[in-house]
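Student: Sharing work09.cif below, mmCIF, C-alpha atoms:
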```
data_query
#
loop_
_atom_site.label_atom_id
_atom_site.label_comp_id
_atom_site.auth_asym_id
_atom_site.auth_seq_id
_atom_site.Cartn_x
_atom_site.Cartn_y
_atom_site.Cartn_z
CA MET A 1 -77.91 -21.84 -1.28
CA GLU A 2 -79.21 -19.26 1.19
CA VAL A 3 -82.94 -18.88 1.85
CA THR A 4 -84.25 -15.57 3.20
CA SER A 5 -87.68 -15.31 4.81
CA TRP A 6 -89.92 -12.36 5.61
CA ASP A 7 -93.44 -11.66 6.85
CA PHE A 8 -96.16 -10.31 4.59
CA ALA A 9 -99.47 -8.95 5.89
CA SER A 10 -102.12 -10.10 3.42
CA PHE A 11 -105.29 -8.26 2.39
CA ASP A 12 -106.90 -8.86 5.79
CA GLY A 13 -103.80 -8.58 7.96
CA VAL A 14 -103.12 -12.32 8.30
CA LYS A 15 -99.33 -12.79 8.26
CA LEU A 16 -97.87 -15.05 5.60
CA LYS A 17 -94.25 -16.22 5.63
CA ILE A 18 -92.50 -15.63 2.31
CA HIS A 19 -89.29 -17.51 1.47
CA GLU A 20 -86.87 -16.42 -1.25
CA MET A 21 -83.79 -17.71 -3.01
CA GLY A 22 -81.56 -15.96 -5.54
CA GLU A 23 -81.78 -12.81 -7.60
CA ALA A 24 -83.03 -12.40 -11.15
CA ARG A 25 -80.05 -12.05 -13.49
CA ASP A 26 -79.13 -12.41 -17.15
CA ASN A 27 -82.60 -11.13 -18.16
CA LYS A 28 -84.31 -13.97 -16.25
CA ARG A 29 -87.58 -13.32 -14.43
CA ALA A 30 -88.64 -13.94 -10.85
CA ILE A 31 -91.00 -16.86 -10.34
CA ILE A 32 -93.66 -17.16 -7.63
CA LEU A 33 -94.23 -20.79 -6.60
CA LEU A 34 -97.25 -22.03 -4.61
CA HIS A 35 -96.99 -25.33 -2.74
CA GLY A 36 -99.50 -28.16 -2.36
CA LEU A 37 -102.15 -28.94 0.23
CA PHE A 38 -100.81 -29.66 3.76
CA SER A 39 -97.28 -28.92 2.50
CA ASN A 40 -95.11 -25.79 2.61
CA ALA A 41 -92.40 -24.01 0.61
CA GLU A 42 -89.59 -25.98 2.29
CA THR A 43 -91.08 -29.40 1.51
CA ASN A 44 -92.30 -28.62 -2.00
CA TRP A 45 -89.62 -26.38 -3.46
CA ILE A 46 -86.50 -26.16 -1.28
CA LYS A 47 -85.85 -29.59 0.26
CA PHE A 48 -85.51 -31.50 -3.02
CA GLY A 49 -83.56 -28.82 -4.89
CA HIS A 50 -86.07 -27.31 -7.31
CA ALA A 51 -85.62 -23.76 -6.00
CA ALA A 52 -81.83 -24.18 -6.11
CA LEU A 53 -81.96 -25.27 -9.76
CA LEU A 54 -84.07 -22.24 -10.65
CA THR A 55 -81.74 -19.96 -8.71
CA GLU A 56 -78.66 -21.40 -10.44
CA ALA A 57 -80.36 -20.71 -13.78
CA GLY A 58 -80.71 -17.01 -12.85
CA HIS A 59 -84.22 -16.80 -11.41
CA ARG A 60 -85.37 -15.12 -8.22
CA VAL A 61 -87.61 -17.71 -6.55
CA ILE A 62 -90.42 -16.44 -4.29
CA MET A 63 -92.22 -19.10 -2.26
CA PRO A 64 -95.01 -18.22 0.18
CA ASP A 65 -96.23 -20.60 2.84
CA LEU A 66 -99.96 -20.54 2.11
CA ARG A 67 -102.45 -19.44 4.76
CA ALA A 68 -102.82 -22.17 7.42
CA HIS A 69 -99.63 -23.87 6.20
CA GLY A 70 -95.98 -23.89 7.17
CA GLN A 71 -94.83 -20.81 9.07
CA SER A 72 -97.79 -18.67 7.99
CA GLU A 73 -100.56 -17.82 10.41
CA ALA A 74 -103.38 -20.33 10.79
CA PRO A 75 -106.25 -18.44 12.43
CA HIS A 76 -109.14 -20.46 13.87
CA ASP A 77 -111.73 -17.75 13.20
CA VAL A 78 -113.90 -18.85 10.27
CA ASP A 79 -114.09 -15.22 9.12
CA ALA A 80 -110.41 -15.49 8.13
CA TYR A 81 -111.43 -17.94 5.38
CA PRO A 82 -113.63 -16.19 2.79
CA ARG A 83 -114.35 -17.84 -0.55
CA ASP A 84 -111.17 -18.33 -2.62
CA VAL A 85 -109.01 -16.83 0.12
CA LEU A 86 -105.81 -18.22 -1.42
CA ILE A 87 -106.55 -16.29 -4.61
CA LYS A 88 -106.94 -13.13 -2.54
CA ASP A 89 -103.67 -13.81 -0.73
CA ALA A 90 -101.75 -14.40 -3.96
CA LEU A 91 -103.13 -11.28 -5.62
CA ALA A 92 -102.18 -9.22 -2.57
CA LEU A 93 -98.63 -10.61 -2.66
CA ILE A 94 -98.25 -10.00 -6.40
CA GLU A 95 -99.41 -6.41 -5.96
CA HIS A 96 -96.99 -5.92 -3.06
CA LEU A 97 -93.99 -7.29 -4.98
CA GLU A 98 -94.42 -4.83 -7.89
CA LEU A 99 -92.42 -7.09 -10.21
CA PRO A 100 -91.92 -5.70 -13.73
CA ALA A 101 -92.25 -9.23 -15.13
CA TYR A 102 -92.61 -12.63 -13.47
CA ASP A 103 -93.62 -16.25 -13.91
CA LEU A 104 -96.10 -18.17 -11.74
CA GLY A 105 -96.38 -21.82 -10.81
CA GLY A 106 -97.72 -24.29 -8.32
CA PHE A 107 -97.98 -27.94 -7.34
CA SER A 108 -101.35 -29.65 -6.75
CA LEU A 109 -103.36 -27.15 -4.65
CA GLY A 110 -100.79 -24.56 -5.71
CA ALA A 111 -101.42 -25.47 -9.35
CA ARG A 112 -105.17 -25.24 -8.81
CA THR A 113 -104.67 -21.79 -7.30
CA THR A 114 -102.35 -20.80 -10.17
CA ALA A 115 -104.91 -21.85 -12.79
CA LYS A 116 -107.61 -19.71 -11.16
CA LEU A 117 -105.20 -16.79 -10.88
CA LEU A 118 -104.59 -17.03 -14.63
CA THR A 119 -108.27 -16.16 -15.19
CA THR A 120 -107.90 -12.87 -13.27
CA ASP A 121 -106.30 -9.70 -14.59
CA ILE A 122 -102.70 -10.63 -13.66
CA SER A 123 -100.22 -11.16 -16.51
CA PRO A 124 -97.37 -13.57 -15.77
CA GLU A 125 -95.10 -14.33 -18.71
CA LYS A 126 -95.28 -18.11 -18.23
CA ALA A 127 -97.07 -20.50 -15.87
CA ILE A 128 -96.47 -24.01 -14.50
CA LEU A 129 -99.23 -26.36 -13.32
CA ALA A 130 -97.49 -29.29 -11.60
CA GLY A 131 -99.26 -32.34 -10.19
CA MET A 132 -102.49 -31.28 -11.88
CA GLY A 133 -104.94 -32.74 -14.38
CA LEU A 134 -108.23 -31.55 -15.81
CA GLU A 135 -110.45 -33.19 -13.19
CA GLY A 136 -108.49 -31.61 -10.34
CA LEU A 137 -109.76 -28.16 -11.29
CA ALA A 138 -113.41 -29.09 -10.81
CA GLY A 139 -115.40 -31.48 -8.61
CA TRP A 140 -113.87 -30.04 -5.46
CA ASP A 141 -116.77 -31.17 -3.23
CA ARG A 142 -115.62 -34.80 -3.52
CA ARG A 143 -111.96 -33.95 -2.80
CA GLN A 144 -112.95 -31.65 0.05
CA GLY A 145 -114.99 -34.44 1.59
CA PHE A 146 -112.06 -36.84 1.40
CA PHE A 147 -109.69 -34.46 3.20
CA LEU A 148 -112.26 -33.48 5.82
CA GLU A 149 -112.76 -37.19 6.51
CA ALA A 150 -108.97 -37.59 6.78
CA ILE A 151 -108.90 -34.85 9.41
CA ALA A 152 -111.78 -36.47 11.31
CA LEU A 153 -110.01 -39.87 11.23
CA ARG A 154 -106.59 -38.42 12.09
CA ASP A 155 -106.24 -40.31 15.36
CA THR A 156 -108.22 -43.46 14.58
CA ALA A 157 -107.45 -44.54 10.99
CA LYS A 158 -105.40 -47.71 10.57
CA ARG A 159 -102.85 -48.61 7.91
CA GLY A 160 -104.74 -49.64 4.77
CA ASP A 161 -107.42 -47.00 5.23
CA PRO A 162 -107.67 -44.88 2.03
CA HIS A 163 -107.02 -41.78 4.15
CA TRP A 164 -103.85 -43.20 5.72
CA MET A 165 -101.26 -41.52 3.48
CA ALA A 166 -102.96 -38.11 3.69
CA ILE A 167 -103.12 -38.43 7.48
CA GLN A 168 -99.44 -39.36 7.78
CA PHE A 169 -98.47 -36.41 5.58
CA MET A 170 -100.61 -34.05 7.66
CA LYS A 171 -98.92 -35.30 10.81
CA SER A 172 -95.43 -34.96 9.33
CA GLN A 173 -96.16 -31.35 8.37
CA LYS A 174 -97.77 -30.54 11.76
CA VAL A 175 -100.92 -29.24 10.06
CA ASP A 176 -103.35 -27.23 12.20
CA THR A 177 -106.48 -29.26 11.51
CA VAL A 178 -108.94 -26.60 12.68
CA ALA A 179 -107.48 -24.02 10.30
CA ALA A 180 -107.14 -26.61 7.52
CA SER A 181 -110.81 -27.56 7.84
CA HIS A 182 -111.83 -23.93 7.40
CA LEU A 183 -109.51 -23.53 4.40
CA LEU A 184 -110.76 -26.65 2.63
CA LYS A 185 -114.25 -25.14 2.47
CA THR A 186 -113.07 -21.99 0.63
CA PHE A 187 -112.14 -23.50 -2.74
CA SER A 188 -114.42 -23.02 -5.74
CA ASP A 189 -114.43 -25.09 -8.93
CA MET A 190 -113.02 -24.14 -12.31
CA GLU A 191 -114.88 -25.26 -15.41
CA PRO A 192 -113.35 -26.25 -18.80
CA ASP A 193 -114.71 -23.09 -20.45
CA ASN A 194 -112.62 -21.01 -18.04
CA ILE A 195 -109.50 -23.04 -18.79
CA GLN A 196 -109.81 -22.22 -22.48
CA THR A 197 -109.58 -18.50 -21.71
CA ILE A 198 -106.04 -18.83 -20.31
CA ILE A 199 -103.65 -17.45 -22.91
CA THR A 200 -100.47 -17.61 -20.80
CA PRO A 201 -97.96 -20.19 -22.11
CA THR A 202 -98.40 -22.98 -19.56
CA LEU A 203 -96.48 -26.15 -18.73
CA VAL A 204 -98.54 -29.02 -17.29
CA LEU A 205 -95.89 -31.00 -15.41
CA CYS A 206 -97.03 -34.27 -13.87
CA GLY A 207 -95.62 -37.54 -12.60
CA SER A 208 -95.93 -40.37 -15.12
CA GLU A 209 -97.85 -42.37 -12.50
CA ASP A 210 -99.80 -39.41 -11.12
CA ARG A 211 -103.49 -39.22 -11.88
CA ASP A 212 -104.57 -38.00 -8.41
CA ASN A 213 -105.90 -34.80 -10.00
CA GLY A 214 -107.04 -36.29 -13.29
CA ASP A 215 -105.59 -36.28 -16.79
CA PRO A 216 -102.72 -33.82 -17.37
CA GLU A 217 -102.64 -34.38 -21.13
CA THR A 218 -106.30 -33.38 -21.52
CA LEU A 219 -105.66 -30.29 -19.41
CA ALA A 220 -102.70 -29.29 -21.60
CA GLN A 221 -104.79 -29.79 -24.74
CA LEU A 222 -107.53 -27.49 -23.41
CA LEU A 223 -105.07 -24.70 -22.68
CA PRO A 224 -104.54 -22.51 -25.78
CA GLU A 225 -100.78 -22.41 -25.07
CA GLY A 226 -100.47 -25.62 -23.05
CA THR A 227 -97.60 -28.15 -23.06
CA HIS A 228 -97.55 -31.45 -21.19
CA ILE A 229 -94.36 -33.03 -19.84
CA ALA A 230 -94.23 -36.20 -17.74
CA VAL A 231 -91.58 -36.69 -15.05
CA PRO A 232 -90.95 -39.87 -13.05
CA GLY A 233 -93.12 -40.68 -10.06
CA THR A 234 -96.52 -40.61 -8.41
CA HIS A 235 -98.27 -37.57 -6.94
CA MET A 236 -96.27 -37.94 -3.72
CA SER A 237 -92.92 -38.94 -5.20
CA SER A 238 -92.67 -36.78 -8.35
CA VAL A 239 -91.92 -33.68 -6.29
CA THR A 240 -88.86 -35.45 -4.83
CA LYS A 241 -87.31 -36.07 -8.26
CA PRO A 242 -84.71 -33.70 -9.79
CA GLU A 243 -86.43 -34.05 -13.15
CA MET A 244 -89.25 -31.77 -11.93
CA GLY A 245 -86.85 -28.90 -11.28
CA HIS A 246 -84.95 -29.46 -14.50
CA GLU A 247 -88.15 -29.38 -16.58
CA MET A 248 -89.27 -26.17 -14.84
CA VAL A 249 -85.96 -24.51 -15.74
CA ARG A 250 -86.09 -25.80 -19.31
CA PHE A 251 -89.60 -24.44 -19.87
CA LEU A 252 -88.92 -21.02 -18.35
CA ASP A 253 -85.64 -20.53 -20.20
CA VAL A 254 -86.81 -21.43 -23.71
#
```
Produce structure tokens that represent the structure in this file.

Tutor:
Amino acid sequence: MEVTSWDFASFDGVKLKIHEMGEARDNKRAIILLHGLFSNAETNWIKFGHAALLTEAGHRVIMPDLRAHGQSEAPHDVDAYPRDVLIKDALALIEHLELPAYDLGGFSLGARTTAKLLTTDISPEKAILAGMGLEGLAGWDRRQGFFLEAIALRDTAKRGDPHWMAIQFMKSQKVDTVAASHLLKTFSDMEPDNIQTIITPTLVLCGSEDRDNGDPETLAQLLPEGTHIAVPGTHMSSVTKPEMGHEMVRFLDV
């Protein structure tokens, strides 16, 4: 399945790499998918077949590499990282695409970004929050501190250190740690009262052993149109399972 990629200049001129697969057909909508922290579109959506499954089902799949991730620019200037910069980037992309109708989804950080986008004035038909629970939308200071410590310990941590897995993933994805440190400080929390204002039909899709971002069932219950589905795996492994892609297709095509 062919992937096409193109550059998009965001609201401030920073270039983001956008990857696409397929064309919308049979009255199916395009879907914009946002990847997780330290990951990229290839690792999250393409490598393990989720984008291909969506494409085969008739969806156009649009997958940006987030700022400071993948093939997108990773500026070192702190001014390139205003508060909630990923929200600003996503809104700029949505405006640029001029889609008549679309769906929106994300995994982990991408799900966190998606949830916040759902409280703005955009109007996707359906949304997917993967690898996300209620607690992952708030309490960011603690999570930020963990990842900043992982960056600081990148070259000294030993196997068994609680930061070890995050460090190995960062290394495998060739993360620019200066840019990542700036980005980590831009995220704001989302409170339960805000979650209850989201009226978009939303699938909370989480590994059966994944509680890295809190309780997905409680999150689904708070959403006025929320549905929870468990797929096999932990936070790291669930994204490698075909069940994740199949459940995304099933939800979008109902």

Student: Just to confirm, what's the straight-line distance from atom CA of A:Cys206 to atom CA of A:Ala90 in Å (one decimal)?

Tutor: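 Atom-to-atom, atom CA of A:Cys206 and atom CA of A:Ala90 are spaced 22.7 Å apart.
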
Student: Need the shell around stretch 215-225 of chain A: protein/DNA/RNA residues with any atom at most 7 Å away, counting only C-alpha atoms. Skip same-chain ones fewer than 5 positions apart. Format as a PDB file with C-alpha atoms, in the frame of the given file?

Tutor:
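Written out: selection26.pdb:
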```
ATOM      1  CA  MET A 132    -102.490 -31.280 -11.880  1.00  0.00           C
ATOM      2  CA  GLY A 133    -104.940 -32.740 -14.380  1.00  0.00           C
ATOM      3  CA  LEU A 134    -108.230 -31.550 -15.810  1.00  0.00           C
ATOM      4  CA  GLU A 135    -110.450 -33.190 -13.190  1.00  0.00           C
ATOM      5  CA  ILE A 195    -109.500 -23.040 -18.790  1.00  0.00           C
ATOM      6  CA  GLN A 196    -109.810 -22.220 -22.480  1.00  0.00           C
ATOM      7  CA  ILE A 198    -106.040 -18.830 -20.310  1.00  0.00           C
ATOM      8  CA  ILE A 199    -103.650 -17.450 -22.910  1.00  0.00           C
ATOM      9  CA  THR A 200    -100.470 -17.610 -20.800  1.00  0.00           C
ATOM     10  CA  PRO A 201     -97.960 -20.190 -22.110  1.00  0.00           C
ATOM     11  CA  THR A 202     -98.400 -22.980 -19.560  1.00  0.00           C
ATOM     12  CA  VAL A 204     -98.540 -29.020 -17.290  1.00  0.00           C
ATOM     13  CA  CYS A 206     -97.030 -34.270 -13.870  1.00  0.00           C
TER      14      CYS A 206
END
```

Student: Specify as a PyMOL selection string each residue included when the PyMOL selection byres ((chain A and resi 7-23) around 6) is applied to this file.

Tutor: chain A and resi 3-6+24+55+60-65+71-73+89+92

Student: With all atoms listed in the file as the basis for distance, which of A:Leu205, A:Leu148, A:Met236, A:Leu104 is at the shortest distance from A:Thr43?

Tutor: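 Result for the nearest residue to A:Thr43: A:Met236.
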
Student: For a quick check of understanding, using all atoms listed in the file, which of A:Lys126, A:His182, A:Lys241, A:Lys158 has the smallest distance to A:Thr227?

Tutor: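 Distance minimum relative to A:Thr227 lands on A:Lys126.
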
Student: For A:Ser238, please output as a PyMOL selection string all residues within 9 Å (counting all atoms listed in the file; exclusion window: fewer than 2 positions along the same chain).

Tutor: chain A and resi 131+206-210+231-236+240-244

Student: Looking at all atoms listed in the file, which of A:Ala157, A:Ala179, A:Leu129, A:Ile122 is the one that sits closest to A:Pro100?

Tutor: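 Among A:Ala157, A:Ala179, A:Leu129, A:Ile122, it is A:Ile122 that comes nearest to A:Pro100.
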
Student: Please compute the atom CA of A:Ala101-atom CA of A:Asn27 distance, one decimal, in Å.

Tutor: 10.3 Å

Student: Might you spell out which residues the PyMOL selection byres ((chain A and resi 83) around 8) would select in the displayed file, as a PDB file with C-alpha atoms, in the frame of the given file?

Tutor:
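Full text of expr18.pdb as output:
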```
ATOM      1  CA  TYR A  81    -111.430 -17.940   5.380  1.00  0.00           C
ATOM      2  CA  PRO A  82    -113.630 -16.190   2.790  1.00  0.00           C
ATOM      3  CA  ASP A  84    -111.170 -18.330  -2.620  1.00  0.00           C
ATOM      4  CA  VAL A  85    -109.010 -16.830   0.120  1.00  0.00           C
ATOM      5  CA  LYS A 185    -114.250 -25.140   2.470  1.00  0.00           C
ATOM      6  CA  THR A 186    -113.070 -21.990   0.630  1.00  0.00           C
ATOM      7  CA  PHE A 187    -112.140 -23.500  -2.740  1.00  0.00           C
ATOM      8  CA  SER A 188    -114.420 -23.020  -5.740  1.00  0.00           C
TER       9      SER A 188
END
```

Student: Evaluate the PyMOL selection byres ((chain A and resi 45) around 9) and record the selected residues as a VMD selection string, following the chain and residue labels used in the document.

Tutor: chain A and resid 33 to 35 40 to 44 46 to 52 63 239 245

Student: Have a look at A:Leu118, A:Ala138, A:Lys28, A:Ala80 and name the one nearest to A:Val254; count all atoms listed in the file.

Tutor: A:Lys28

Student: Reconstruct all heavy atoms of stretch 87-98 of chain A from the incomplete input and present them as a PDB file, in the frame of the given file.

Tutor:
```pdb
ATOM      1  N   ILE A  87    -106.635 -17.193  -3.452  1.00  0.00           N
ATOM      2  CA  ILE A  87    -106.550 -16.290  -4.610  1.00  0.00           C
ATOM      3  C   ILE A  87    -106.330 -14.860  -4.118  1.00  0.00           C
ATOM      4  O   ILE A  87    -105.466 -14.129  -4.637  1.00  0.00           O
ATOM      5  CB  ILE A  87    -107.830 -16.360  -5.465  1.00  0.00           C
ATOM      6  CG1 ILE A  87    -108.126 -17.807  -5.890  1.00  0.00           C
ATOM      7  CG2 ILE A  87    -107.715 -15.447  -6.675  1.00  0.00           C
ATOM      8  CD1 ILE A  87    -107.093 -18.437  -6.758  1.00  0.00           C
ATOM      9  N   LYS A  88    -107.071 -14.479  -3.111  1.00  0.00           N
ATOM     10  CA  LYS A  88    -106.940 -13.130  -2.540  1.00  0.00           C
ATOM     11  C   LYS A  88    -105.542 -12.914  -1.972  1.00  0.00           C
ATOM     12  O   LYS A  88    -104.932 -11.854  -2.144  1.00  0.00           O
ATOM     13  CB  LYS A  88    -108.004 -12.898  -1.464  1.00  0.00           C
ATOM     14  CG  LYS A  88    -109.443 -12.990  -1.951  1.00  0.00           C
ATOM     15  CD  LYS A  88    -110.417 -12.847  -0.781  1.00  0.00           C
ATOM     16  CE  LYS A  88    -111.839 -13.180  -1.172  1.00  0.00           C
ATOM     17  NZ  LYS A  88    -112.404 -12.225  -2.146  1.00  0.00           N
ATOM     18  N   ASP A  89    -105.009 -13.915  -1.285  1.00  0.00           N
ATOM     19  CA  ASP A  89    -103.670 -13.810  -0.730  1.00  0.00           C
ATOM     20  C   ASP A  89    -102.622 -13.644  -1.837  1.00  0.00           C
ATOM     21  O   ASP A  89    -101.720 -12.806  -1.731  1.00  0.00           O
ATOM     22  CB  ASP A  89    -103.326 -15.071   0.083  1.00  0.00           C
ATOM     23  CG  ASP A  89    -103.989 -15.101   1.451  1.00  0.00           C
ATOM     24  OD1 ASP A  89    -104.355 -14.037   1.974  1.00  0.00           O
ATOM     25  OD2 ASP A  89    -104.135 -16.215   1.995  1.00  0.00           O
ATOM     26  N   ALA A  90    -102.730 -14.458  -2.871  1.00  0.00           N
ATOM     27  CA  ALA A  90    -101.750 -14.400  -3.960  1.00  0.00           C
ATOM     28  C   ALA A  90    -101.802 -13.066  -4.693  1.00  0.00           C
ATOM     29  O   ALA A  90    -100.758 -12.489  -5.024  1.00  0.00           O
ATOM     30  CB  ALA A  90    -101.982 -15.556  -4.938  1.00  0.00           C
ATOM     31  N   LEU A  91    -103.002 -12.567  -4.951  1.00  0.00           N
ATOM     32  CA  LEU A  91    -103.130 -11.280  -5.620  1.00  0.00           C
ATOM     33  C   LEU A  91    -102.539 -10.158  -4.768  1.00  0.00           C
ATOM     34  O   LEU A  91    -101.893  -9.236  -5.297  1.00  0.00           O
ATOM     35  CB  LEU A  91    -104.595 -10.998  -5.939  1.00  0.00           C
ATOM     36  CG  LEU A  91    -105.226 -11.880  -7.028  1.00  0.00           C
ATOM     37  CD1 LEU A  91    -106.727 -11.607  -7.126  1.00  0.00           C
ATOM     38  CD2 LEU A  91    -104.548 -11.643  -8.376  1.00  0.00           C
ATOM     39  N   ALA A  92    -102.746 -10.234  -3.459  1.00  0.00           N
ATOM     40  CA  ALA A  92    -102.180  -9.220  -2.570  1.00  0.00           C
ATOM     41  C   ALA A  92    -100.650  -9.268  -2.594  1.00  0.00           C
ATOM     42  O   ALA A  92     -99.986  -8.216  -2.615  1.00  0.00           O
ATOM     43  CB  ALA A  92    -102.693  -9.423  -1.145  1.00  0.00           C
ATOM     44  N   LEU A  93    -100.086 -10.475  -2.613  1.00  0.00           N
ATOM     45  CA  LEU A  93     -98.630 -10.610  -2.660  1.00  0.00           C
ATOM     46  C   LEU A  93     -98.071 -10.095  -3.978  1.00  0.00           C
ATOM     47  O   LEU A  93     -97.066  -9.369  -4.000  1.00  0.00           O
ATOM     48  CB  LEU A  93     -98.239 -12.068  -2.451  1.00  0.00           C
ATOM     49  CG  LEU A  93     -96.740 -12.374  -2.546  1.00  0.00           C
ATOM     50  CD1 LEU A  93     -95.953 -11.613  -1.486  1.00  0.00           C
ATOM     51  CD2 LEU A  93     -96.492 -13.883  -2.438  1.00  0.00           C
ATOM     52  N   ILE A  94     -98.715 -10.456  -5.079  1.00  0.00           N
ATOM     53  CA  ILE A  94     -98.250 -10.000  -6.400  1.00  0.00           C
ATOM     54  C   ILE A  94     -98.275  -8.471  -6.475  1.00  0.00           C
ATOM     55  O   ILE A  94     -97.326  -7.842  -6.957  1.00  0.00           O
ATOM     56  CB  ILE A  94     -99.116 -10.626  -7.507  1.00  0.00           C
ATOM     57  CG1 ILE A  94     -98.817 -12.127  -7.610  1.00  0.00           C
ATOM     58  CG2 ILE A  94     -98.882  -9.935  -8.848  1.00  0.00           C
ATOM     59  CD1 ILE A  94     -99.809 -12.909  -8.449  1.00  0.00           C
ATOM     60  N   GLU A  95     -99.337  -7.871  -5.963  1.00  0.00           N
ATOM     61  CA  GLU A  95     -99.410  -6.410  -5.960  1.00  0.00           C
ATOM     62  C   GLU A  95     -98.291  -5.817  -5.106  1.00  0.00           C
ATOM     63  O   GLU A  95     -97.668  -4.826  -5.488  1.00  0.00           O
ATOM     64  CB  GLU A  95    -100.773  -5.960  -5.425  1.00  0.00           C
ATOM     65  CG  GLU A  95    -100.954  -4.456  -5.415  1.00  0.00           C
ATOM     66  CD  GLU A  95    -102.315  -4.025  -4.894  1.00  0.00           C
ATOM     67  OE1 GLU A  95    -103.077  -4.889  -4.414  1.00  0.00           O
ATOM     68  OE2 GLU A  95    -102.615  -2.828  -4.975  1.00  0.00           O
ATOM     69  N   HIS A  96     -98.022  -6.420  -3.964  1.00  0.00           N
ATOM     70  CA  HIS A  96     -96.990  -5.920  -3.060  1.00  0.00           C
ATOM     71  C   HIS A  96     -95.598  -6.005  -3.689  1.00  0.00           C
ATOM     72  O   HIS A  96     -94.768  -5.098  -3.516  1.00  0.00           O
ATOM     73  CB  HIS A  96     -97.008  -6.720  -1.764  1.00  0.00           C
ATOM     74  CG  HIS A  96     -95.886  -6.405  -0.831  1.00  0.00           C
ATOM     75  ND1 HIS A  96     -95.874  -5.298  -0.021  1.00  0.00           N
ATOM     76  CD2 HIS A  96     -94.703  -7.071  -0.598  1.00  0.00           C
ATOM     77  CE1 HIS A  96     -94.756  -5.269   0.680  1.00  0.00           C
ATOM     78  NE2 HIS A  96     -94.032  -6.332   0.361  1.00  0.00           N
ATOM     79  N   LEU A  97     -95.327  -7.073  -4.431  1.00  0.00           N
ATOM     80  CA  LEU A  97     -93.990  -7.290  -4.980  1.00  0.00           C
ATOM     81  C   LEU A  97     -93.633  -6.300  -6.087  1.00  0.00           C
ATOM     82  O   LEU A  97     -92.458  -5.994  -6.296  1.00  0.00           O
ATOM     83  CB  LEU A  97     -93.881  -8.722  -5.518  1.00  0.00           C
ATOM     84  CG  LEU A  97     -93.870  -9.830  -4.461  1.00  0.00           C
ATOM     85  CD1 LEU A  97     -94.058 -11.185  -5.108  1.00  0.00           C
ATOM     86  CD2 LEU A  97     -92.577  -9.797  -3.658  1.00  0.00           C
ATOM     87  N   GLU A  98     -94.635  -5.817  -6.817  1.00  0.00           N
ATOM     88  CA  GLU A  98     -94.420  -4.830  -7.890  1.00  0.00           C
ATOM     89  C   GLU A  98     -93.336  -5.303  -8.872  1.00  0.00           C
ATOM     90  O   GLU A  98     -92.443  -4.545  -9.260  1.00  0.00           O
ATOM     91  CB  GLU A  98     -94.054  -3.468  -7.312  1.00  0.00           C
ATOM     92  CG  GLU A  98     -95.165  -2.841  -6.484  1.00  0.00           C
ATOM     93  CD  GLU A  98     -94.823  -1.440  -5.992  1.00  0.00           C
ATOM     94  OE1 GLU A  98     -93.623  -1.139  -5.814  1.00  0.00           O
ATOM     95  OE2 GLU A  98     -95.755  -0.641  -5.798  1.00  0.00           O
TER      96      GLU A  98
END
```
